[in-house]
Structure formats: C-alpha cells, structure tokens
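Shown next: entry-v5.tsv, given as TSV, C-alpha atoms.
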```tsv
chain	number	residue	atom	x	y	z
E	738	MET	CA	-8.77	-184.90	47.12
E	739	SER	CA	-11.11	-182.33	48.61
E	740	PRO	CA	-9.51	-180.31	51.36
E	741	SER	CA	-10.25	-180.18	55.03
E	742	LEU	CA	-13.31	-178.00	55.63
E	743	PHE	CA	-11.85	-176.00	58.48
E	744	LEU	CA	-12.04	-172.26	58.07
E	745	THR	CA	-9.49	-171.70	60.82
E	746	PRO	CA	-5.83	-172.72	61.06
E	747	ALA	CA	-4.73	-175.21	63.72
E	748	ASP	CA	-3.61	-172.44	66.05
E	749	ASP	CA	-7.03	-170.77	65.98
E	750	ARG	CA	-9.17	-173.89	66.00
E	751	TYR	CA	-11.59	-174.58	68.82
E	752	PHE	CA	-14.54	-176.78	69.72
E	753	GLU	CA	-16.86	-174.52	67.71
E	754	ASP	CA	-14.98	-175.38	64.50
E	755	TYR	CA	-15.99	-179.06	64.67
E	756	VAL	CA	-19.42	-179.12	63.02
E	757	THR	CA	-21.65	-182.20	63.15
E	758	GLY	CA	-22.01	-183.73	59.70
E	759	ASP	CA	-18.91	-182.14	58.22
E	760	ILE	CA	-16.72	-184.53	56.25
E	761	HIS	CA	-13.01	-183.68	56.16
E	762	ARG	CA	-10.82	-185.39	53.60
E	763	PHE	CA	-7.10	-184.85	53.91
E	764	GLY	CA	-3.57	-186.08	54.24
E	765	ARG	CA	-1.09	-188.20	52.43
E	766	ILE	CA	1.48	-190.36	54.13
E	767	ALA	CA	3.55	-193.17	52.66
E	768	VAL	CA	4.00	-196.53	54.34
E	769	GLU	CA	7.71	-197.30	54.20
E	770	GLU	CA	9.07	-200.82	54.51
E	771	ASP	CA	11.94	-199.77	56.77
E	772	GLU	CA	9.53	-198.19	59.20
E	773	VAL	CA	7.07	-201.10	59.00
E	774	ILE	CA	9.89	-203.37	60.14
E	775	SER	CA	11.47	-201.07	62.73
E	776	PHE	CA	8.09	-200.20	64.29
E	777	ALA	CA	7.16	-203.86	64.51
E	778	LYS	CA	10.51	-204.96	65.92
E	779	ARG	CA	9.91	-202.65	68.86
E	780	PHE	CA	6.14	-202.85	69.33
E	781	ASP	CA	4.67	-205.80	67.47
E	782	PRO	CA	7.34	-208.38	66.68
E	783	GLN	CA	5.26	-210.90	64.75
E	784	SER	CA	6.97	-212.31	61.68
E	785	PHE	CA	4.34	-211.06	59.23
E	786	HIS	CA	5.34	-207.54	60.35
E	787	THR	CA	9.11	-207.95	60.72
E	788	ASP	CA	10.43	-210.39	58.12
E	789	ALA	CA	9.50	-210.11	54.44
E	790	ASP	CA	10.72	-213.63	53.62
E	791	VAL	CA	8.81	-215.33	56.42
E	792	ALA	CA	5.81	-213.08	55.74
E	793	ARG	CA	5.54	-214.36	52.16
E	794	GLN	CA	4.69	-217.81	53.54
E	795	GLY	CA	2.42	-216.38	56.24
E	796	PRO	CA	-1.31	-215.67	56.52
E	797	PHE	CA	-1.08	-212.36	54.59
E	798	GLY	CA	1.17	-213.46	51.72
E	799	GLY	CA	3.69	-210.74	52.42
E	800	LEU	CA	4.81	-208.09	54.84
E	801	ILE	CA	2.02	-205.99	56.37
E	802	ALA	CA	2.18	-203.04	58.74
E	803	SER	CA	1.28	-203.55	62.37
E	804	GLY	CA	-2.23	-202.26	62.94
E	805	TRP	CA	-0.75	-200.03	65.62
E	806	HIS	CA	1.65	-198.57	63.08
E	807	THR	CA	-1.29	-197.78	60.80
E	808	ALA	CA	-2.96	-196.13	63.79
E	809	GLY	CA	0.19	-194.08	64.38
E	810	LEU	CA	0.28	-192.91	60.76
E	811	MET	CA	-3.39	-191.96	61.05
E	812	MET	CA	-2.62	-189.99	64.22
E	813	ARG	CA	0.16	-188.14	62.42
E	814	LEU	CA	-2.31	-187.02	59.76
E	815	LEU	CA	-4.84	-186.01	62.43
E	816	THR	CA	-2.29	-183.83	64.21
E	817	GLU	CA	-1.24	-182.20	60.93
E	818	HIS	CA	-4.68	-181.50	59.49
E	819	PHE	CA	-7.47	-181.98	62.01
E	820	LEU	CA	-6.57	-181.33	65.63
E	821	SER	CA	-6.18	-177.93	67.19
E	822	SER	CA	-2.64	-176.98	68.15
E	823	VAL	CA	-3.90	-174.70	70.93
E	824	ALA	CA	-7.09	-176.30	72.30
E	825	SER	CA	-6.59	-180.07	72.05
E	826	LEU	CA	-7.09	-181.62	75.48
E	827	GLY	CA	-6.39	-185.22	74.58
E	828	SER	CA	-8.68	-188.14	74.02
E	829	PRO	CA	-10.55	-190.30	76.51
E	830	GLY	CA	-10.60	-193.16	74.02
E	831	ILE	CA	-11.77	-194.75	70.83
E	832	ASP	CA	-14.41	-197.29	69.85
E	833	GLU	CA	-14.95	-199.88	67.16
E	834	LEU	CA	-11.47	-199.86	65.67
E	835	ARG	CA	-11.40	-202.27	62.72
E	836	TRP	CA	-8.43	-203.33	60.64
E	837	LEU	CA	-10.26	-204.13	57.39
E	838	LYS	CA	-7.50	-204.71	54.86
E	839	PRO	CA	-3.78	-205.29	55.08
E	840	VAL	CA	-1.59	-202.19	54.83
E	841	ARG	CA	1.58	-202.90	52.89
E	842	PRO	CA	4.86	-201.14	52.22
E	843	SER	CA	4.49	-198.51	49.47
E	844	ASP	CA	0.82	-197.93	50.25
E	845	VAL	CA	-0.09	-194.26	50.62
E	846	LEU	CA	-2.68	-193.44	53.26
E	847	SER	CA	-5.13	-190.58	53.62
E	848	LEU	CA	-8.09	-189.88	55.89
E	849	ARG	CA	-11.78	-189.18	55.67
E	850	VAL	CA	-13.19	-187.88	58.95
E	851	THR	CA	-16.91	-187.42	59.53
E	852	ILE	CA	-17.91	-185.41	62.58
E	853	ARG	CA	-20.63	-187.46	64.26
E	854	GLU	CA	-21.33	-185.14	67.16
E	855	ALA	CA	-19.88	-182.23	69.05
E	856	VAL	CA	-21.25	-181.91	72.56
E	857	PRO	CA	-20.37	-179.18	75.07
E	858	SER	CA	-19.25	-180.59	78.40
E	859	ARG	CA	-21.82	-180.29	81.14
E	860	SER	CA	-19.32	-180.31	83.98
E	861	LYS	CA	-16.57	-178.21	82.37
E	862	PRO	CA	-17.90	-175.22	80.42
E	863	ASP	CA	-14.52	-174.49	78.83
E	864	ARG	CA	-14.54	-177.58	76.60
E	865	GLY	CA	-16.55	-180.06	74.56
E	866	MET	CA	-16.32	-183.58	73.23
E	867	VAL	CA	-16.01	-184.22	69.49
E	868	ARG	CA	-16.87	-187.70	68.29
E	869	SER	CA	-15.71	-188.56	64.76
E	870	PHE	CA	-15.84	-191.53	62.43
E	871	ILE	CA	-12.40	-191.92	60.91
E	872	GLU	CA	-11.69	-193.89	57.75
E	873	VAL	CA	-8.12	-194.59	56.65
E	874	LEU	CA	-7.89	-195.10	52.89
E	875	ASN	CA	-5.10	-196.35	50.71
E	876	GLN	CA	-4.04	-195.12	47.26
E	877	SER	CA	-6.81	-197.22	45.64
E	878	ASP	CA	-9.43	-195.66	47.94
E	879	ASP	CA	-9.85	-198.97	49.75
E	880	VAL	CA	-10.83	-198.35	53.36
E	881	VAL	CA	-8.13	-200.16	55.35
E	882	MET	CA	-9.05	-199.08	58.88
E	883	THR	CA	-11.97	-197.39	60.61
E	884	LEU	CA	-12.64	-196.21	64.13
E	885	VAL	CA	-14.74	-193.84	66.18
E	886	ALA	CA	-12.55	-191.36	68.03
E	887	MET	CA	-13.36	-189.00	70.86
E	888	VAL	CA	-11.38	-185.82	71.32
E	889	LEU	CA	-11.73	-183.17	74.01
E	890	VAL	CA	-11.38	-179.67	72.59
E	891	GLY	CA	-11.37	-176.32	74.38
E	892	ARG	CA	-14.06	-173.81	73.47
E	893	ARG	CA	-13.12	-170.55	71.79
E	894	PRO	CA	-12.36	-167.96	74.44
E	895	ALA	CA	-14.71	-165.01	74.58
E	896	PRO	CA	-13.15	-161.89	73.03
E	897	LEU	CA	-11.60	-159.54	75.55
E	898	ARG	CA	-13.73	-156.49	76.28
E	899	GLN	CA	-12.02	-153.28	75.35
H	1116	MET	CA	3.06	-210.70	90.00
H	1117	SER	CA	1.31	-213.93	89.19
H	1118	PRO	CA	2.47	-215.47	85.95
H	1119	SER	CA	0.65	-216.06	82.72
H	1120	LEU	CA	-1.57	-219.13	83.04
H	1121	PHE	CA	-0.58	-220.70	79.75
H	1122	LEU	CA	0.57	-224.29	79.99
H	1123	THR	CA	2.13	-224.15	76.53
H	1124	PRO	CA	4.98	-222.02	75.18
H	1125	ALA	CA	4.29	-219.46	72.45
H	1126	ASP	CA	5.40	-221.86	69.73
H	1127	ASP	CA	2.93	-224.53	70.82
H	1128	ARG	CA	0.01	-222.25	71.68
H	1129	TYR	CA	-3.28	-222.53	69.84
H	1130	PHE	CA	-6.90	-221.44	70.09
H	1131	GLU	CA	-7.57	-224.22	72.61
H	1132	ASP	CA	-5.13	-222.63	75.08
H	1133	TYR	CA	-7.26	-219.49	75.45
H	1134	VAL	CA	-9.77	-220.43	78.12
H	1135	THR	CA	-12.78	-218.26	78.90
H	1136	GLY	CA	-12.48	-216.72	82.36
H	1137	ASP	CA	-8.72	-217.15	82.65
H	1138	ILE	CA	-6.90	-214.07	83.93
H	1139	HIS	CA	-3.32	-213.69	82.75
H	1140	ARG	CA	-1.08	-211.23	84.57
H	1141	PHE	CA	2.30	-210.55	83.01
H	1142	GLY	CA	4.92	-208.27	81.62
H	1143	ARG	CA	7.05	-205.37	82.64
H	1144	ILE	CA	8.09	-202.59	80.32
H	1145	ALA	CA	9.50	-199.21	81.18
H	1146	VAL	CA	8.28	-195.98	79.64
H	1147	GLU	CA	11.37	-194.04	78.61
H	1148	GLU	CA	11.35	-190.29	78.08
H	1149	ASP	CA	13.50	-190.50	74.96
H	1150	GLU	CA	11.07	-192.91	73.35
H	1151	VAL	CA	8.01	-190.93	74.50
H	1152	ILE	CA	9.42	-187.95	72.63
H	1153	SER	CA	10.71	-189.76	69.54
H	1154	PHE	CA	7.49	-191.75	69.11
H	1155	ALA	CA	5.40	-188.60	69.42
H	1156	LYS	CA	7.58	-186.56	67.07
H	1157	ARG	CA	6.83	-189.10	64.37
H	1158	PHE	CA	3.27	-190.15	65.15
H	1159	ASP	CA	1.61	-187.71	67.55
H	1160	PRO	CA	3.43	-184.38	67.56
H	1161	GLN	CA	1.40	-182.57	70.20
H	1162	SER	CA	3.46	-180.51	72.61
H	1163	PHE	CA	2.33	-182.41	75.71
H	1164	HIS	CA	3.97	-185.48	74.14
H	1165	THR	CA	7.07	-183.90	72.59
H	1166	ASP	CA	8.32	-181.04	74.75
H	1167	ALA	CA	8.78	-181.39	78.51
H	1168	ASP	CA	9.00	-177.64	79.10
H	1169	VAL	CA	5.85	-176.79	77.17
H	1170	ALA	CA	4.11	-179.84	78.66
H	1171	ARG	CA	4.62	-178.52	82.20
H	1172	GLN	CA	2.32	-175.60	81.37
H	1173	GLY	CA	-0.13	-177.83	79.46
H	1174	PRO	CA	-3.30	-179.73	80.37
H	1175	PHE	CA	-1.42	-182.67	81.93
H	1176	GLY	CA	1.16	-180.72	83.97
H	1177	GLY	CA	4.06	-182.55	82.34
H	1178	LEU	CA	5.13	-184.82	79.54
H	1179	ILE	CA	2.82	-187.79	78.89
H	1180	ALA	CA	3.14	-190.65	76.44
H	1181	SER	CA	0.99	-190.65	73.33
H	1182	GLY	CA	-1.91	-193.03	73.87
H	1183	TRP	CA	-0.74	-194.83	70.74
H	1184	HIS	CA	2.69	-195.29	72.28
H	1185	THR	CA	1.06	-196.83	75.34
H	1186	ALA	CA	-0.86	-199.11	72.97
H	1187	GLY	CA	2.40	-200.07	71.27
H	1188	LEU	CA	4.04	-200.95	74.60
H	1189	MET	CA	0.98	-203.05	75.46
H	1190	MET	CA	1.27	-204.83	72.11
H	1191	ARG	CA	4.92	-205.59	72.80
H	1192	LEU	CA	3.95	-207.29	76.06
H	1193	LEU	CA	1.16	-209.21	74.31
H	1194	THR	CA	3.54	-210.55	71.67
H	1195	GLU	CA	6.06	-211.57	74.33
H	1196	HIS	CA	3.70	-213.26	76.76
H	1197	PHE	CA	0.25	-213.84	75.32
H	1198	LEU	CA	0.09	-214.36	71.58
H	1199	SER	CA	1.01	-217.55	69.80
H	1200	SER	CA	4.13	-217.37	67.68
H	1201	VAL	CA	2.83	-220.08	65.34
H	1202	ALA	CA	-0.96	-219.66	65.19
H	1203	SER	CA	-1.64	-215.93	65.46
H	1204	LEU	CA	-3.71	-214.82	62.48
H	1205	GLY	CA	-3.94	-211.14	63.31
H	1206	SER	CA	-6.75	-209.07	64.73
H	1207	PRO	CA	-9.92	-207.76	63.11
H	1208	GLY	CA	-10.06	-204.94	65.64
H	1209	ILE	CA	-10.56	-203.63	69.13
H	1210	ASP	CA	-13.39	-202.02	71.05
H	1211	GLU	CA	-13.83	-199.58	73.91
H	1212	LEU	CA	-10.25	-198.41	74.19
H	1213	ARG	CA	-9.99	-195.96	77.08
H	1214	TRP	CA	-7.02	-193.88	78.14
H	1215	LEU	CA	-7.84	-193.53	81.82
H	1216	LYS	CA	-4.75	-191.95	83.34
H	1217	PRO	CA	-1.69	-190.22	81.96
H	1218	VAL	CA	1.33	-192.45	81.31
H	1219	ARG	CA	4.55	-190.65	82.16
H	1220	PRO	CA	8.26	-191.22	81.62
H	1221	SER	CA	9.66	-193.68	84.19
H	1222	ASP	CA	6.32	-195.44	84.61
H	1223	VAL	CA	6.58	-199.22	84.37
H	1224	LEU	CA	3.68	-200.98	82.67
H	1225	SER	CA	2.30	-204.49	82.96
H	1226	LEU	CA	-0.85	-206.24	81.76
H	1227	ARG	CA	-3.84	-208.08	83.13
H	1228	VAL	CA	-5.73	-209.93	80.42
H	1229	THR	CA	-9.08	-211.58	81.06
H	1230	ILE	CA	-10.34	-213.98	78.41
H	1231	ARG	CA	-13.95	-213.01	77.82
H	1232	GLU	CA	-14.77	-215.58	75.19
H	1233	ALA	CA	-13.17	-217.97	72.75
H	1234	VAL	CA	-15.44	-218.93	69.87
H	1235	PRO	CA	-14.60	-221.35	67.07
H	1236	SER	CA	-15.14	-219.85	63.63
H	1237	ARG	CA	-18.24	-221.14	61.86
H	1238	SER	CA	-16.95	-220.45	58.37
H	1239	LYS	CA	-13.31	-221.47	58.87
H	1240	PRO	CA	-12.89	-224.60	61.00
H	1241	ASP	CA	-9.12	-224.12	61.35
H	1242	ARG	CA	-9.41	-221.07	63.63
H	1243	GLY	CA	-11.31	-219.27	66.34
H	1244	MET	CA	-11.80	-215.78	67.73
H	1245	VAL	CA	-10.52	-214.89	71.19
H	1246	ARG	CA	-11.99	-211.80	72.80
H	1247	SER	CA	-10.09	-210.42	75.80
H	1248	PHE	CA	-10.40	-207.53	78.20
H	1249	ILE	CA	-6.97	-205.96	78.55
H	1250	GLU	CA	-5.93	-203.70	81.39
H	1251	VAL	CA	-2.63	-201.83	81.30
H	1252	LEU	CA	-1.37	-201.08	84.81
H	1253	ASN	CA	1.43	-198.86	86.04
H	1254	GLN	CA	3.89	-199.49	88.87
H	1255	SER	CA	1.27	-198.31	91.42
H	1256	ASP	CA	-1.30	-200.74	90.01
H	1257	ASP	CA	-3.33	-197.87	88.62
H	1258	VAL	CA	-5.18	-198.96	85.51
H	1259	VAL	CA	-3.99	-196.50	82.85
H	1260	MET	CA	-5.62	-197.99	79.75
H	1261	THR	CA	-8.24	-200.63	78.98
H	1262	LEU	CA	-9.61	-202.16	75.82
H	1263	VAL	CA	-11.39	-205.19	74.44
H	1264	ALA	CA	-9.26	-206.94	71.84
H	1265	MET	CA	-10.15	-209.58	69.29
H	1266	VAL	CA	-7.51	-211.99	68.04
H	1267	LEU	CA	-7.85	-214.75	65.47
H	1268	VAL	CA	-5.95	-217.88	66.49
H	1269	GLY	CA	-5.44	-221.12	64.63
H	1270	ARG	CA	-6.76	-224.32	66.20
H	1271	ARG	CA	-4.34	-227.00	67.32
H	1272	PRO	CA	-3.70	-229.35	64.43
H	1273	ALA	CA	-4.89	-232.93	64.93
H	1274	PRO	CA	-2.01	-235.29	65.75
H	1275	LEU	CA	-0.73	-237.24	62.77
H	1276	ARG	CA	-1.92	-240.84	62.68
H	1277	GLN	CA	0.90	-243.32	62.80
```
So that I can check it, write out the structure of this file as structure tokens.
Amino acid sequence: MSPSLFLTPADDRYFEDYVTGDIHRFGRIAVEEDEVISFAKRFDPQSFHTDADVARQGPFGGLIASGWHTAGLMMRLLTEHFLSSVASLGSPGIDELRWLKPVRPSDVLSLRVTIREAVPSRSKPDRGMVRSFIEVLNQSDDVVMTLVAMVLVGRRPAPLRQ
Amino acid sequence: MSPSLFLTPADDRYFEDYVTGDIHRFGRIAVEEDEVISFAKRFDPQSFHTDADVARQGPFGGLIASGWHTAGLMMRLLTEHFLSSVASLGSPGIDELRWLKPVRPSDVLSLRVTIREAVPSRSKPDRGMVRSFIEVLNQSDDVVMTLVAMVLVGRRPAPLRQ
C-alpha cells in the first residue's frame, strides 16, 4: 500500500496541505463480527446485520455490516491518517454515498482518497473547504463504498514576526 | 407529534405501502453524553466529540455528537418506525447528507420523512426503489441533519389462490 502523501503530521496539517489531484492511500481496519452485531443492535437492528443464522437465509446470504458501521470504520481511518488534529472544523456534509458491495465479518478495510478540490472560503479567510472522493476497499481491493466528502479545514497561520 | 402514516405494521409492510408525497413524522431518541463519547472514541476520535473540556474551547463551544452517530440514531428510528421487517432489501446509498446544526448531549431527536418517489424495478419485478427526504429534528424542532435516502423494498406477494 502506498502511504498517505502528506508531508506534515496531523498536528501540523492545514488547508494548504490538501492538494487537488493528490491521491492518498492508507489505513487498515478489520471488520469484527462482534462489533458488526453490537453496532447493528443499537443503530440498525435488521436481521441481516444482527443475526448470523437468520442472515444466512436473507437477501445477502450471510451477516453483513450496517452501511453506517462501514461509514464509521471509514471515519476512524480518516481521523487517524487524513484529517488535521489541530485545524479540522467539521464537515457540512457528504454527497453520493454508495454501498456497492456487502461488507462482511473478517473483511479488512482501507481507504483511497482523491482530493477533488480545495477552495478557500470567501466569507471566512481563516479556512477552506476540501472536497474529496473517498473509496473504501476490502482486502481483495474491491471497492465496497464510495462517497464525496466535504471537510472544513483551517488555513495555516502566518508565522509570527520576530 | 403526528404518527407515521403507515396502515400496515412493519411485518406486513411492502413497497406498495410507501406512497409518494406521504410525510411520516415519528420517533424519539435521546442523545446521551456517554454514548456521544464512546461512539466517537471508536469511530470519530476528534476532541470536539470525545472530550467535553477540550470541546468547550473548540470550534463548537462544547461537546457535539459525531455526524455519523447522529446518522446511526436516525437509522435506529428508521428501523423502528419506517422500514419493513420482512421486505427491506437494503440501501444502495444516500445523497446530499447535510449536517446543519450541532447535535449535543441531552438533545432529543425525531424524524420527518417525505416519500419523494417509489419506482418499481424494471429488471427485478419483485421489488422497487423508495427515495425519501429525511429530516432529523431536535427537541426545538430545529432541523439538524437532512439527507435523501434510497431503500430497496420487496413488493407485496400476490395472495395465494385457493
């Protein structure tokens, strides 16, 4: 796996570090059956997410992770490898989220993130909007989920004058 | 709160029960600080989601729920009040998700779901696609999150001939 392209660590990462066209490839997180079930029991209690026996007879032929659980695992990888720990200002939203293939227990997920655009804010000069195309891949390099995410990121502060 | 408009219970709910233009208003789920923090520690470990003290100095002036946690709470209400328990075939995706206002511990969330269209599948005659506009509201009726969701739902089986 090629590494993330960032030249700066998360605690020195600002809007300027998100470069249009850059492709960041990173992360590794396992999908665990216990968590698939416990997540779904709380947030998405449909039997194909919560009960392996029922799921075998269901539309997916076995237990699959809630799409929201997959999104959560993706977010974990983004916070670990992509977002700034000092300049992240949250996200106004996402577009075109697609769950393309089932995610199953024992899958291992990683991310490929392509920076589509990075636009300084017109109204707030201390920040900019980064729009990225995110692909979630499994251990066979199948793309299981895609989305377009927006993130607000603070600009790098000007150096203090001596 | 007006109730869901469904005439059928979840275990007798099919594609035909999702009627274009219907507005379903339902649900009530509390946002709990413990869960805001535990969810974020696992899936979205940014300090404005995980640490109330740090969050007070941060961009939102206090602890806020991860947007993915809000999505999970929405999904819980959908499974309890909106989805079929016998004919739900999962979702290919969502569009235009927007996190409009911070969701904070002790908020109480509910949903307003407007059926935008319900289209029988051309390739698979046993199902159809339901596209809905979902608004997540807090206890003050502020809309905190919106999205357009697609759900595949099985059609009602023809009655057996005697």
Closest atom pairs, chain H residues within 10 Å of chain E, only C-alpha atoms, as a tab-separated table:
```
residue	atom	partner	partner_atom	distance
H:Phe1154	CA	E:Gly809	CA	9.0
H:Ala1155	CA	E:Arg813	CA	8.8
H:Lys1156	CA	E:Arg813	CA	8.9
H:Arg1157	CA	E:Arg813	CA	7.0
H:Phe1158	CA	E:Arg813	CA	4.6
H:Asp1159	CA	E:Arg813	CA	5.3
H:Pro1160	CA	E:Thr816	CA	6.7
H:Gln1161	CA	E:Thr816	CA	7.1
H:Ser1162	CA	E:Ser822	CA	8.3
H:Phe1163	CA	E:Gly827	CA	9.2
H:Gly1173	CA	E:Leu826	CA	8.9
H:Pro1174	CA	E:Leu826	CA	6.5
H:Phe1175	CA	E:Leu826	CA	8.7
H:Ser1181	CA	E:Gly827	CA	9.2
H:Gly1182	CA	E:Ser828	CA	8.4
H:Trp1183	CA	E:Gly809	CA	6.5
H:His1184	CA	E:Gly809	CA	8.4
H:Thr1185	CA	E:Phe780	CA	9.9
H:Ala1186	CA	E:Trp805	CA	7.4
H:Gly1187	CA	E:Phe780	CA	5.0
H:Leu1188	CA	E:Phe780	CA	6.0
H:Met1189	CA	E:Phe780	CA	8.0
H:Met1190	CA	E:Asp781	CA	5.8
H:Arg1191	CA	E:Phe780	CA	4.6
H:Leu1192	CA	E:Phe780	CA	8.4
H:Leu1193	CA	E:Asp781	CA	8.4
H:Thr1194	CA	E:Asp781	CA	6.4
H:Glu1195	CA	E:Pro782	CA	8.4
H:Leu1198	CA	E:Gln783	CA	9.2
H:Ser1199	CA	E:Gln783	CA	9.4
H:Ser1200	CA	E:Gln783	CA	7.2
H:Val1201	CA	E:Gln783	CA	9.5
H:Ala1202	CA	E:Pro796	CA	9.6
H:Ser1203	CA	E:Gln783	CA	8.6
H:Leu1204	CA	E:Pro796	CA	6.5
H:Gly1205	CA	E:Pro796	CA	8.6
H:Ser1206	CA	E:Trp836	CA	7.2
H:Pro1207	CA	E:Trp836	CA	5.3
H:Gly1208	CA	E:Arg835	CA	4.2
H:Ile1209	CA	E:Leu834	CA	5.2
H:Asp1210	CA	E:Glu833	CA	4.7
H:Glu1211	CA	E:Asp832	CA	4.7
H:Leu1212	CA	E:Ile831	CA	5.2
H:Arg1213	CA	E:Gly830	CA	4.2
H:Trp1214	CA	E:Pro829	CA	5.3
H:Leu1215	CA	E:Pro829	CA	6.8
H:Lys1216	CA	E:Pro829	CA	9.1
H:Met1260	CA	E:Gly830	CA	9.0
H:Thr1261	CA	E:Gly830	CA	9.3
H:Leu1262	CA	E:Asp832	CA	9.1
H:Val1263	CA	E:Asp832	CA	9.6
H:Ala1264	CA	E:Leu834	CA	9.6
H:Met1265	CA	E:Arg835	CA	9.9
```
### Query
So how far away is CA of Glu1232 (chain H) from CA of His1196 (chain H), in Å?
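Going from CA of His1196 (chain H) over to CA of Glu1232 (chain H), I get 18.7 Å.
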### Non-local contacts of Arg1227 (chain H) (10 Å; all atoms listed in the file; under 6 positions in same chain excluded) as a VMD selection string
chain H and resid 1117 1119 1138 to 1142 1247 to 1252 1258 1261
### Query
Rounded to one decimal in Å, what is the spacing between CA of Arg765 (chain E) and CA of Glu1147 (chain H)?
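These two atoms are separated by 29.6 Å.
Closest to Thr851 (chain E) among E:Phe819, E:Arg793, E:Arg864, E:Phe752 is E:Phe819, based on all atoms listed in the file.
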### Task
Measure the distance from CA of Asp788 (chain E) to CA of Val1245 (chain H) in Å and round it to one decimal.
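Separation between CA of Asp788 (chain E) and CA of Val1245 (chain H): 25.1 Å.
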### Message
Using all atoms listed in the file for the distances, tell me which of H:Leu1178, H:Ala1273, H:Val1134, H:Leu1120 is nearest to Met1244 (chain H).
### Response
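The answer is H:Val1134, which sits nearest to Met1244 (chain H).
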### Task
List every protein, DNA or RNA residue with an atom no more than 12 Å from (-6.5, -227.5, 69.2) in the file's coordinates, counting only C-alpha atoms, and format the result as JSON, numbers by chain.
{"H": [1123, 1127, 1128, 1129, 1130, 1131, 1132, 1133, 1134, 1202, 1235, 1240, 1241, 1242, 1243, 1268, 1269, 1270, 1271, 1272, 1273, 1274]}
Generate the output file for the selected residues, C-alpha atoms, as a short mmCIF file (atom, residue, chain, number, x, y, z; two decimals), in the coordinates of the input.
```
data_model
loop_
_atom_site.label_atom_id
_atom_site.label_comp_id
_atom_site.auth_asym_id
_atom_site.auth_seq_id
_atom_site.Cartn_x
_atom_site.Cartn_y
_atom_site.Cartn_z
CA THR H 1123 2.13 -224.15 76.53
CA ASP H 1127 2.93 -224.53 70.82
CA ARG H 1128 0.01 -222.25 71.68
CA TYR H 1129 -3.28 -222.53 69.84
CA PHE H 1130 -6.90 -221.44 70.09
CA GLU H 1131 -7.57 -224.22 72.61
CA ASP H 1132 -5.13 -222.63 75.08
CA TYR H 1133 -7.26 -219.49 75.45
CA VAL H 1134 -9.77 -220.43 78.12
CA ALA H 1202 -0.96 -219.66 65.19
CA PRO H 1235 -14.60 -221.35 67.07
CA PRO H 1240 -12.89 -224.60 61.00
CA ASP H 1241 -9.12 -224.12 61.35
CA ARG H 1242 -9.41 -221.07 63.63
CA GLY H 1243 -11.31 -219.27 66.34
CA VAL H 1268 -5.95 -217.88 66.49
CA GLY H 1269 -5.44 -221.12 64.63
CA ARG H 1270 -6.76 -224.32 66.20
CA ARG H 1271 -4.34 -227.00 67.32
CA PRO H 1272 -3.70 -229.35 64.43
CA ALA H 1273 -4.89 -232.93 64.93
CA PRO H 1274 -2.01 -235.29 65.75
#
```
### Message
Ranking E:Pro842, E:Asp759, E:Leu848, E:Gly799 by minimum distance to Glu772 (chain E) and counting only C-alpha atoms, which one comes first?
### Response
E:Pro842
### Query
Using all atoms listed in the file, which residue out of H:Ala1233, H:Leu1275, H:Ala1167, H:Leu1224 lies closest to Asp1256 (chain H)?
H:Leu1224
For Arg841 (chain E): contacts at 7 Å, all atoms listed in the file, fewer than 4 positions along chain excluded, given as a CSV table (one decimal) with C-alpha atoms, in the coordinates of the input:
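In the end it all went to around.csv:
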```csv
chain,number,residue,atom,x,y,z
E,768,VAL,CA,4.0,-196.5,54.3
E,800,LEU,CA,4.8,-208.1,54.8
E,801,ILE,CA,2.0,-206.0,56.4
E,802,ALA,CA,2.2,-203.0,58.7
```
